[in-house]
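These notes concern the structure reproduced below.
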Amino acid sequence: MRYSYIFKLAFKNLMGRKLRTTLTIMGVAISVGFVSLLMAFSFGLQKAATDQITNGDSLRNLDITKGSSKIVDLDNDAIGKISDFSEVTKVYPQVALAGDVQLGDSKSDSIIYGTGGDLLDIIRPNIVGGDLYNHNAKNVAVINASLAHKLTSGNTNTLIGRNIDVRLVLRSDLYTDKNSKTQIKSVQVSIVGVTDEGKTAYMFVPLSTVTDFGVDRFSSLKVQLKSVDDVNTVKSQIEYMGLKVSTVKDTIDQVNQFFQVFQIILAAVGVISIIVATLGIFNTMTISLLEKTREVGLMKILGVKKIYIRRIFMTESLIIGLFGGAVGIITSFVIGQVINYMVYTMAAGSGNASVTIMYFPASLMIFTMAVSVLISLLAGIYPARRSTKISPLDALRYE
Amino acid sequence: MTHSIHPIISIQGLNKVFKVGKENVQVLIDINLDILPGEFVVILGPSGCGKSTLLNTIIGLETPSSGFVKIHGHNIYNLNEDVKTAFRQKNFGVVHQQSNWIKSLNVIDNIAFPLNAIGYRHKRSVIKAKNSLSMFAMEGYSKHSLSELSGGQQTKVAVCRALITNPPIIMADEPTGNLDTASAVGVMNQFEILNREYRNTIVMITHNPIYTEYATKVVNMMDGRISNIEVKNLIYGLNDKHRRHHVVGGKAS
């Protein structure tokens with residue numbers, strides 16, 4: 001018996017009981033749609049979270065600190081070694097030190113980051129006034145809003161272009177030379193930009209501001225790789241040197257791990273509704289089998305082999321699963337888009353950035369479709385097997 | 001009969017016992033019967049004499065308690081169900097008193113079904129089914145549902161379905177049981193044509209002695225036994241393919 005004919009038979013059988021078929025398909029659709037909505041919600045949240053952490057490019061960066069290592073230092077030697085890795089595009093050193101800032105009568109403690117203009121381009125702090133400084137700049141600073149508020153009571157933008165006196169506390173461990181002593185140096189810089197990030201007062205100054213005082217050990221290195229794929233290899237190589245490496249990928253992995261657990265919990269809830277749908281199909285198929293005892297017997301008398309009878313029943317079940325899955329996915333997708341639109345209009349109304357709260361990746365659709373096909377096949381196995389055991393004589397007995 | 005022809009159906013020492021509760025009921029007792037190719041056998045007997053069980057045993061739906069039935073020399077009871085199904089489909093066209101249908105299919109698709117069952121393309125099987133329906137001038141009913149047809153029309157459709165695979169043997173269990181006289185004559189005439197012109201072997205079960213007129217051999221059954229076998233007419237075309245044969249007696253009317 002040809003597949004096309006088996007399909008035709010199965011389809012006609014289902015169409016012969018429109019109400020029951022429709023109800024069963026709806027049961028599957030509701031259950032599959034529910035699961036798909038739950039998962040889309042979870043994917044949406046996850047995507048919103050990871051999108052905030054990274055803007056794509058930062059994935060291929062590594063942050064290196066000394067950690068607890070007493071052997072290796074973040075000096076030019078280490079930079080040289082890391083730069084020699086073929087996967088590495090560039091290494092950006094950074095120095096963090098304590099200090100204070102004076103503008104007229106106002107004075108504030110601050111963390112001072114010796115940060116090259118090129119590194120600043122990668123960190124890309126959110127600027128609310130002025131601009132970042134470039135690679136060659138000297139005697140400039142980008143301060144954060146927290147520091148700015150300590151220096152002026154007025155609009156922070158008025159600070160742009162003002163000169164401030166910065167005192168740097170140059171600790172002895174910033175020098176390779178073991179005989180060096182902690183010293184305090186003063187420098188005058190001009191404010192070029194204000195960023196709104198951070199709660200404690202800090203500022204960026206060009207790296208040369210501190211290296212000009214002879215600093216040759218760094219607090220941290222940012223390493224840029226050619227490709228995201230190299231992150232794990234390079235990470236382990238650098239860790240082998242005794243340094244501590246953290247990556248944006250690690251953070252995202254942690255977030256993803258959290259959401260994976262979240263998704264598993266949602267999936268467990270979904271499984272219950274899927275089981276109900278499976279029982280629905282099973283019920284429909286079993287009743288259909290009981291009704292068709294004579295018909296199955298007749299088919300055997302007319303020369304249909306057992307395997308084809310089984311296929312007819314499996315196909316009926318499969319059709320229910322396919323339709324139920326498709327209707328469920330489409331409906332959940334439409335509902336998801338409506339929710340997204342509502343969130344978007346609400347966010348726009350209150351002036352907040354909107355997020356896509358319902359996210360339907362292709363993998364989700366494929367997964368839910370696969371699930372509905374799977375449960376329909378599962379629910380069909382028993383009735384299909386039973387059907388082959390029906391005796392042709394059952395067709396001949398009078399009712 | 002002195003022909004050196006091998007029987008197409010050979011029944012030897014056949015017994016069939018049914019268990020009803022704790023009691024054993026012997027439905028068929030020591031049946032011995034040879035049916036030759038081209039015969040029109042009428043098995044005659046009152047209801048409950050085991051006729052239908054005999055028919056079901058011949059086509060392999062029932063298994064004998066002892067003895068055997070050979071079709072073309074093959075004993076089919078040891079075969080697995082699928083092989084049996086294929087064998088039955090190849091050798092027998094079966095018409096039952098109570099017609100059974102695949103309800104979701106219309107007339108033409110029901111007739112075509114045995115061909116679809118063995119893998120014909122649907123288009124091809126429908127063409128054959130239409131041809132066979134024209135045998136009873138019923139082409140106009142092809143798209144009808146079976147429930148819209150009268151008992152006589154349903155039997156005609158059942159005959160069409162039994163013939164669609166060109167089986168050498170036609171087994172009919174009270175085919176005229178539910179029919180009015182005119183419909184019965186139509187069906188019987190068709191059987192006669194099949195027997196005479198297409199050389200189909202026909203085994204027909206009935207309780208109505210009037211149909212013995214069509215038979216080449218009448219098997220009288222009583223209480224599970226064959227009481228006597230009566231050879232009536234010559235098998236048509238056995239000696240001379242082109243010899244027209246005169247039917248003894250009139251037709252059922």
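Convention: chains lettered A, B, ... in structure tokens order; per-chain residue numbering from 1; ligands numbered from 1 as shown.
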At most 8 Å to chain B: residues in chain A, only C-alpha atoms, as a list in words: Met1, Arg2, Tyr5, Leu9, Lys12, Asn13, Gly16, Arg294, Glu295, Leu298, Lys300, Ile301, Leu302, Gly303, Val304, Lys305, Lys306, Pro392, Leu393, Ala395 and Leu396 of chain A
With N, CA and C atoms retained, could you export that selection as a compact mmCIF listing (two decimals), in the first residue's frame?
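And here is the file that came out, again-v1.txt:
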# COMPACT_ATOMS: atom_id res chain seq x y z
N MET A 1 0.84 -1.20 0.00
CA MET A 1 0.00 0.00 0.00
C MET A 1 0.88 1.25 0.00
N ARG A 2 0.55 2.17 -0.87
CA ARG A 2 1.39 3.35 -1.03
C ARG A 2 1.20 4.33 0.12
N TYR A 5 -1.63 6.70 -0.38
CA TYR A 5 -2.95 6.15 -0.13
C TYR A 5 -3.21 5.99 1.37
N LEU A 9 -6.27 7.63 3.34
CA LEU A 9 -7.18 6.88 4.21
C LEU A 9 -7.24 7.48 5.60
N LYS A 12 -9.07 10.75 5.56
CA LYS A 12 -10.52 10.58 5.44
C LYS A 12 -11.13 10.08 6.73
N ASN A 13 -10.42 9.17 7.40
CA ASN A 13 -10.92 8.68 8.68
C ASN A 13 -11.09 9.82 9.66
N GLY A 16 -13.91 12.06 8.85
CA GLY A 16 -15.19 11.43 9.12
C GLY A 16 -15.69 11.74 10.53
N ARG A 294 -14.46 -3.79 12.96
CA ARG A 294 -14.97 -4.47 11.75
C ARG A 294 -14.20 -4.02 10.51
N GLU A 295 -13.95 -2.71 10.45
CA GLU A 295 -13.30 -2.18 9.26
C GLU A 295 -11.88 -2.72 9.12
N LEU A 298 -12.10 -6.22 7.94
CA LEU A 298 -12.41 -6.19 6.51
C LEU A 298 -11.15 -5.90 5.69
N LYS A 300 -8.18 -6.60 6.36
CA LYS A 300 -7.34 -7.81 6.30
C LYS A 300 -7.91 -8.79 5.28
N ILE A 301 -9.25 -8.95 5.27
CA ILE A 301 -9.86 -9.85 4.29
C ILE A 301 -9.57 -9.36 2.88
N LEU A 302 -9.54 -8.05 2.71
CA LEU A 302 -9.32 -7.48 1.38
C LEU A 302 -7.84 -7.42 1.01
N GLY A 303 -6.99 -7.94 1.88
CA GLY A 303 -5.59 -8.10 1.48
C GLY A 303 -4.63 -7.06 2.01
N VAL A 304 -5.02 -6.30 3.04
CA VAL A 304 -4.08 -5.32 3.60
C VAL A 304 -3.21 -6.01 4.64
N LYS A 305 -1.89 -5.85 4.47
CA LYS A 305 -0.97 -6.48 5.42
C LYS A 305 -0.95 -5.71 6.72
N LYS A 306 -0.51 -6.41 7.77
CA LYS A 306 -0.51 -5.84 9.12
C LYS A 306 0.24 -4.51 9.20
N PRO A 392 -9.67 -11.00 11.26
CA PRO A 392 -10.57 -10.71 10.13
C PRO A 392 -11.98 -11.22 10.39
N LEU A 393 -12.10 -12.27 11.21
CA LEU A 393 -13.42 -12.84 11.49
C LEU A 393 -14.33 -11.84 12.19
N ALA A 395 -14.87 -8.99 11.42
CA ALA A 395 -15.62 -8.22 10.42
C ALA A 395 -16.86 -8.97 9.97
N LEU A 396 -16.86 -10.29 10.18
CA LEU A 396 -17.95 -11.11 9.63
C LEU A 396 -19.05 -11.37 10.64
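For stretch 51-101 of chain B, backbone-based DSSP assignment of strand (DSSP E) covers B:Ser66, B:Gly67, B:Phe68, B:Val69, B:Lys70, B:Ile71, B:His74, B:Asn75, B:Phe92, B:Gly93, B:Val94, B:Val95.
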Let me see the file: selected residues, C-alpha atoms, as a compact mmCIF listing (two decimals), in the first residue's frame.
# COMPACT_ATOMS: atom_id res chain seq x y z
CA SER B 66 -7.99 -31.54 12.14
CA GLY B 67 -7.72 -32.35 8.45
CA PHE B 68 -6.75 -29.76 5.88
CA VAL B 69 -7.71 -27.69 2.90
CA LYS B 70 -5.32 -27.37 0.00
CA ILE B 71 -5.60 -24.60 -2.55
CA HIS B 74 -0.87 -25.52 -0.92
CA ASN B 75 -1.78 -25.97 2.71
CA PHE B 92 -10.15 -15.57 -3.69
CA GLY B 93 -12.75 -12.94 -4.26
CA VAL B 94 -15.19 -13.05 -1.38
CA VAL B 95 -18.80 -11.82 -1.26
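Between atom CA of A:Val373 and atom CA of A:Ile319 lies a distance of 8.5 Å.
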In stretch 112-192 of chain B, DSSP alpha helix (DSSP H) residues written as a ChimeraX atom specification: /B:112-117,122-133,151-163,181-192
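Take the candidates B:Ile205, B:Ile170, B:Val42, B:Ile226 and check each one against B:Asn91 using only C-alpha atoms; the shortest distance goes to B:Ile170.
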Shell of 10 Å around B:Asn220, only C-alpha atoms, local chain residues under 6 positions omitted, as a ChimeraX atom specification: /B:42-46,49,51,207,209,226-230
Distance query stretch 140-145 of chain B at most 12 Å, only C-alpha atoms, self and fewer than 2 positions along chain excluded, as a PyMOL selection string: chain B and resi 101-112+126-127+129-134+136-138+147-150+153-154+156-157+160
Those selected residues, please, written with C-alpha atoms and delivered as a tab-separated table (two decimals), in the first residue's frame.
chain	number	residue	atom	x	y	z
B	101	TRP	CA	-17.48	-1.36	3.84
B	102	ILE	CA	-14.81	1.12	4.67
B	103	LYS	CA	-17.21	3.81	5.67
B	104	SER	CA	-15.04	6.81	4.95
B	105	LEU	CA	-14.69	5.75	1.31
B	106	ASN	CA	-17.26	6.09	-1.46
B	107	VAL	CA	-18.45	3.32	-3.79
B	108	ILE	CA	-15.65	3.55	-6.33
B	109	ASP	CA	-12.91	3.77	-3.68
B	110	ASN	CA	-14.33	0.74	-1.86
B	111	ILE	CA	-14.24	-1.30	-5.06
B	112	ALA	CA	-10.72	-0.10	-5.79
B	126	VAL	CA	-10.08	3.67	-9.83
B	127	ILE	CA	-10.09	3.16	-13.61
B	129	ALA	CA	-13.05	-0.11	-10.49
B	130	LYS	CA	-15.10	2.01	-12.91
B	131	ASN	CA	-14.87	-0.69	-15.54
B	132	SER	CA	-16.06	-3.29	-13.09
B	133	LEU	CA	-18.93	-1.10	-11.94
B	134	SER	CA	-20.15	-0.87	-15.53
B	136	PHE	CA	-23.95	-3.79	-13.41
B	137	ALA	CA	-24.54	-0.50	-15.22
B	138	MET	CA	-23.96	1.31	-11.95
B	147	SER	CA	-25.17	3.85	2.98
B	148	GLU	CA	-27.10	5.54	0.16
B	149	LEU	CA	-27.35	2.28	-1.77
B	150	SER	CA	-30.01	-0.42	-1.50
B	153	GLN	CA	-26.90	-2.42	-5.12
B	154	GLN	CA	-24.55	-3.05	-2.19
B	156	LYS	CA	-23.47	-5.77	-6.70
B	157	VAL	CA	-20.76	-3.42	-5.46
B	160	CYS	CA	-17.35	-5.75	-8.16
